[in-house]
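As structure tokens, the structure follows; a few thoughts come after it.
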Amino acid sequence: MLILLSINYKNQLLKIIFASQNKHKVEEIQAQLTSNIQVKSLLDLNYVDELEETQETLQGNALQKVRFVHQKFRANTFADDTGLEVEALNGEPGVYSARYAGEAKSFDANMDKLLLNLKDKENRKAQFRTVIALIWNGKEHIFEGICEGEITLAKSGTKGFGYDPIFKPIGFDKTFAEMDLAEKARISHRGKAVAKLIEFLNRNNTD
């Protein structure tokens with residue numbers, strides 16, 4: 001899915017493409033945006049191809065996607081990639097988070113595999129990390145957000161997506177899947193990265 005962000009700043013409409021394969025990410029980002037930012041789908045332009053993610057790092061995948069979309073549409077563009085990094089598993093699943101249990105990208109299968117791999121581990125420290133790559137006026141920029149926490153012993157909560165039911169951020173007694181979007185956005189990896197992106201856009205509001 002590709003999303004076009006239209007930012008009406010000081011009566012000037014700025015447009016930026018958001019390239020994402022994940023409707024849940026779109027919902028989270030949209031929930032963070034201020035009232036002067038409108039989100040529109042590029043499906044109206046009949047763009048339905050899946051974006052490739054073949055790099056070995058989160059930053060590499062974000063850059064791969066943003067460069068492709070920028071080349072195709074010749075417009076200011078940003079893309080993201082996110083991974084869950086578990087300390088006791090040497091950073092796994094990391095860049096392979098979405099496909100941890102296979103190409104089906106099943107949330108439940110991914111969580112089940114992770115819980116199984118941590119079955120005999122006392123150390124359950126983990127962090128979510130989001131990298132956003134932006135091409136703005138032909139120049140590349142990187143924004144990163146990290147949220148530290150731990151992997152719970154079992155799934156809890158029905159909100160969110162991905163590994164949210166088994167990730168409990170530091171300082172909270174509930175998982176991401178037990179939080180509403182606004183609460184999660186204030187502390188999440190993606191929320192922090194998007195906040196940096198929005199701050200940049202507000203500072204650089206001319207084409």
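Order determines the names: the first chain of the structure tokens is A, the second B, and so forth; residues in each chain are numbered 1 upward, and ligands are numbered 1 upward as they are shown.
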
Rows by chain and residue number, range 162-204 of chain A within 12 Å of range 85-103 of chain A, shortest pair, only C-alpha atoms, as a tab-separated table:
residue	atom	partner	partner_atom	distance
A:Gly162	CA	A:Ala98	CA	7.6
A:Tyr163	CA	A:Ser97	CA	8.8
A:Ile166	CA	A:Val86	CA	11.9
A:Phe167	CA	A:Val86	CA	10.5
A:His189	CA	A:Glu85	CA	11.9

Strand (DSSP E) call set, DSSP backbone run, range 2-195 of chain A, as number ranges by chain
A: 2-9, 12-19, 37-41, 77-86, 93-94, 125-136, 139-151, 167-169

Can you pull out every residue within 12 Å of Lys174 in chain A, counting only C-alpha atoms, but drop anything in the same chain fewer than 2 positions away, and send it as a PDB file with C-alpha atoms, in the first residue's frame?
ATOM      1  CA  GLY A 149      11.008  -3.592  27.092  1.00  0.00           C
ATOM      2  CA  GLU A 150      10.690  -7.317  27.597  1.00  0.00           C
ATOM      3  CA  ILE A 151       8.993 -10.338  26.096  1.00  0.00           C
ATOM      4  CA  THR A 152       6.162 -11.640  28.251  1.00  0.00           C
ATOM      5  CA  ALA A 154       2.272 -15.375  27.136  1.00  0.00           C
ATOM      6  CA  LYS A 155       0.167 -13.297  24.765  1.00  0.00           C
ATOM      7  CA  SER A 156      -2.017 -10.616  26.289  1.00  0.00           C
ATOM      8  CA  GLY A 157      -4.258  -8.064  24.604  1.00  0.00           C
ATOM      9  CA  THR A 158      -6.115  -7.808  21.310  1.00  0.00           C
ATOM     10  CA  LYS A 159      -5.063  -4.402  19.999  1.00  0.00           C
ATOM     11  CA  ASP A 164       2.428  -6.382  20.357  1.00  0.00           C
ATOM     12  CA  PRO A 165       0.674  -9.047  22.535  1.00  0.00           C
ATOM     13  CA  ILE A 166       4.015 -10.288  23.901  1.00  0.00           C
ATOM     14  CA  PHE A 167       5.956  -7.012  24.228  1.00  0.00           C
ATOM     15  CA  LYS A 168       5.753  -5.037  27.465  1.00  0.00           C
ATOM     16  CA  PRO A 169       7.576  -1.674  27.394  1.00  0.00           C
ATOM     17  CA  ILE A 170       9.707  -0.597  30.330  1.00  0.00           C
ATOM     18  CA  GLY A 171       7.715   1.222  33.003  1.00  0.00           C
ATOM     19  CA  PHE A 172       4.371  -0.327  32.056  1.00  0.00           C
ATOM     20  CA  PHE A 176       1.399  -2.880  23.475  1.00  0.00           C
ATOM     21  CA  ALA A 177      -1.671  -4.941  22.555  1.00  0.00           C
ATOM     22  CA  GLU A 178      -3.414  -3.696  25.717  1.00  0.00           C
ATOM     23  CA  MET A 179      -2.848  -0.024  24.839  1.00  0.00           C
ATOM     24  CA  ASP A 180      -4.902   2.224  22.601  1.00  0.00           C
ATOM     25  CA  GLU A 183      -1.018   5.710  24.376  1.00  0.00           C
ATOM     26  CA  LYS A 184       1.167   3.440  22.277  1.00  0.00           C
TER      27      LYS A 184
END

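Closest to Ser188 in chain A among A:Val48, A:Leu84, A:Val69, A:Leu63 is A:Leu84, based on only C-alpha atoms.
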
Separating CA of Gly160 in chain A from CA of Asn202 in chain A, to the nearest tenth of an Å, is a gap of 27.9 Å

Quick check, in Å to one decimal: how far apart do CA of Glu27 in chain A and CA of Lys113 in chain A lie?
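Straight-line distance from CA of Glu27 in chain A to CA of Lys113 in chain A works out to 26.3 Å.
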
So that I can see what lies close to Arg74 in chain A, please list as a list of chain:residue names the residues with an atom at most 12 Å from it, counting only C-alpha atoms and leaving out residues fewer than 2 positions away in the same chain.
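The residues that qualify are A:Lys15, A:Ile16, A:Ile17, A:Val66, A:Arg67, A:Phe68, A:Val69, A:His70, A:Gln71, A:Lys72, A:Asn76, A:Thr77, A:Ile135, A:Trp136, A:Asn137, A:Gly138.
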
Those of range 4-192 of chain A in DSSP alpha helix (DSSP H), formatted as a PyMOL selection string
chain A and resi 23-32+58-73+107-117+181-187+189-192

Deliver the residues from the most recent selection as a file, using C-alpha atoms, as a short mmCIF file (atom, residue, chain, number, x, y, z; two decimals), in the first residue's frame.
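And here is the file that came out, part24.cif:
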data_model
loop_
_atom_site.label_atom_id
_atom_site.label_comp_id
_atom_site.auth_asym_id
_atom_site.auth_seq_id
_atom_site.Cartn_x
_atom_site.Cartn_y
_atom_site.Cartn_z
CA LYS A 23 -2.21 -1.11 6.91
CA HIS A 24 -1.61 -1.24 10.68
CA LYS A 25 1.46 0.98 10.29
CA VAL A 26 -0.62 3.42 8.29
CA GLU A 27 -3.22 3.53 11.07
CA GLU A 28 -0.57 4.16 13.72
CA ILE A 29 1.10 6.93 11.76
CA GLN A 30 -2.21 8.53 10.83
CA ALA A 31 -3.18 8.61 14.50
CA GLN A 32 -0.08 10.71 15.23
CA LEU A 58 16.33 -2.19 8.77
CA GLN A 59 17.97 0.91 7.36
CA GLY A 60 18.86 -0.96 4.17
CA ASN A 61 15.24 -2.04 3.64
CA ALA A 62 13.89 1.44 4.34
CA LEU A 63 16.35 2.95 1.89
CA GLN A 64 15.60 0.29 -0.73
CA LYS A 65 11.89 1.10 -0.61
CA VAL A 66 12.22 4.87 -0.47
CA ARG A 67 14.66 4.96 -3.38
CA PHE A 68 12.41 2.80 -5.54
CA VAL A 69 9.28 4.83 -4.87
CA HIS A 70 11.09 8.15 -5.26
CA GLN A 71 12.53 6.99 -8.59
CA LYS A 72 9.09 5.87 -9.77
CA PHE A 73 7.03 8.87 -8.73
CA PHE A 107 1.53 -12.79 13.57
CA ASP A 108 0.56 -15.76 15.74
CA ALA A 109 3.13 -18.10 14.21
CA ASN A 110 5.88 -15.51 14.68
CA MET A 111 4.96 -15.00 18.34
CA ASP A 112 4.70 -18.75 18.98
CA LYS A 113 8.16 -19.31 17.54
CA LEU A 114 9.65 -16.50 19.59
CA LEU A 115 8.05 -17.71 22.83
CA LEU A 116 9.32 -21.22 22.13
CA ASN A 117 12.86 -19.97 21.49
CA LEU A 181 -3.23 3.88 19.61
CA ALA A 182 -2.68 7.23 21.32
CA GLU A 183 -1.02 5.71 24.38
CA LYS A 184 1.17 3.44 22.28
CA ALA A 185 2.18 6.26 19.93
CA ARG A 186 3.56 8.33 22.81
CA ILE A 187 6.13 5.70 23.74
CA HIS A 189 9.49 3.00 18.46
CA ARG A 190 7.39 4.00 15.45
CA GLY A 191 5.85 6.90 17.34
CA LYS A 192 9.29 8.28 18.19
#

What is the CA of Gly83 in chain A to CA of Thr54 in chain A distance in Å?
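Separation of CA of Gly83 in chain A and CA of Thr54 in chain A: 14.1 Å.
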
Contact table range 113-169 of chain A vs range 196-201 of chain A, cut-off 10 Å, shortest pair per residue, only C-alpha atoms, as CSV:
residue,atom,partner,partner_atom,distance
A:Ile132,CA,A:Leu197,CA,7.9
A:Ala133,CA,A:Leu197,CA,9.3
A:Leu134,CA,A:Leu197,CA,8.2
A:Trp136,CA,A:Leu201,CA,9.0
A:His141,CA,A:Leu197,CA,9.2
A:Ile142,CA,A:Leu197,CA,8.8
A:Phe143,CA,A:Lys196,CA,6.4
A:Glu144,CA,A:Lys196,CA,8.0
A:Gly145,CA,A:Lys196,CA,8.5

Same residues, N, CA and C atoms, output as a compact mmCIF listing (two decimals), in the first residue's frame:
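File written: out-v7.txt
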# COMPACT_ATOMS: atom_id res chain seq x y z
N ILE A 132 13.15 5.10 9.70
CA ILE A 132 12.44 5.78 8.61
C ILE A 132 13.48 6.42 7.70
N ALA A 133 13.38 6.13 6.41
CA ALA A 133 14.23 6.76 5.40
C ALA A 133 13.38 7.75 4.61
N LEU A 134 13.87 8.95 4.49
CA LEU A 134 13.16 10.02 3.79
C LEU A 134 14.02 10.56 2.66
N TRP A 136 13.92 13.89 0.65
CA TRP A 136 13.28 15.20 0.64
C TRP A 136 14.11 16.14 -0.22
N HIS A 141 17.48 11.28 4.29
CA HIS A 141 17.53 11.52 5.74
C HIS A 141 17.06 10.25 6.45
N ILE A 142 17.63 9.99 7.62
CA ILE A 142 17.28 8.81 8.41
C ILE A 142 16.78 9.24 9.79
N PHE A 143 15.66 8.66 10.21
CA PHE A 143 15.12 8.89 11.56
C PHE A 143 14.92 7.54 12.23
N GLU A 144 15.28 7.45 13.50
CA GLU A 144 15.18 6.18 14.21
C GLU A 144 14.45 6.34 15.53
N GLY A 145 13.67 5.33 15.87
CA GLY A 145 12.98 5.30 17.15
C GLY A 145 13.15 3.94 17.80
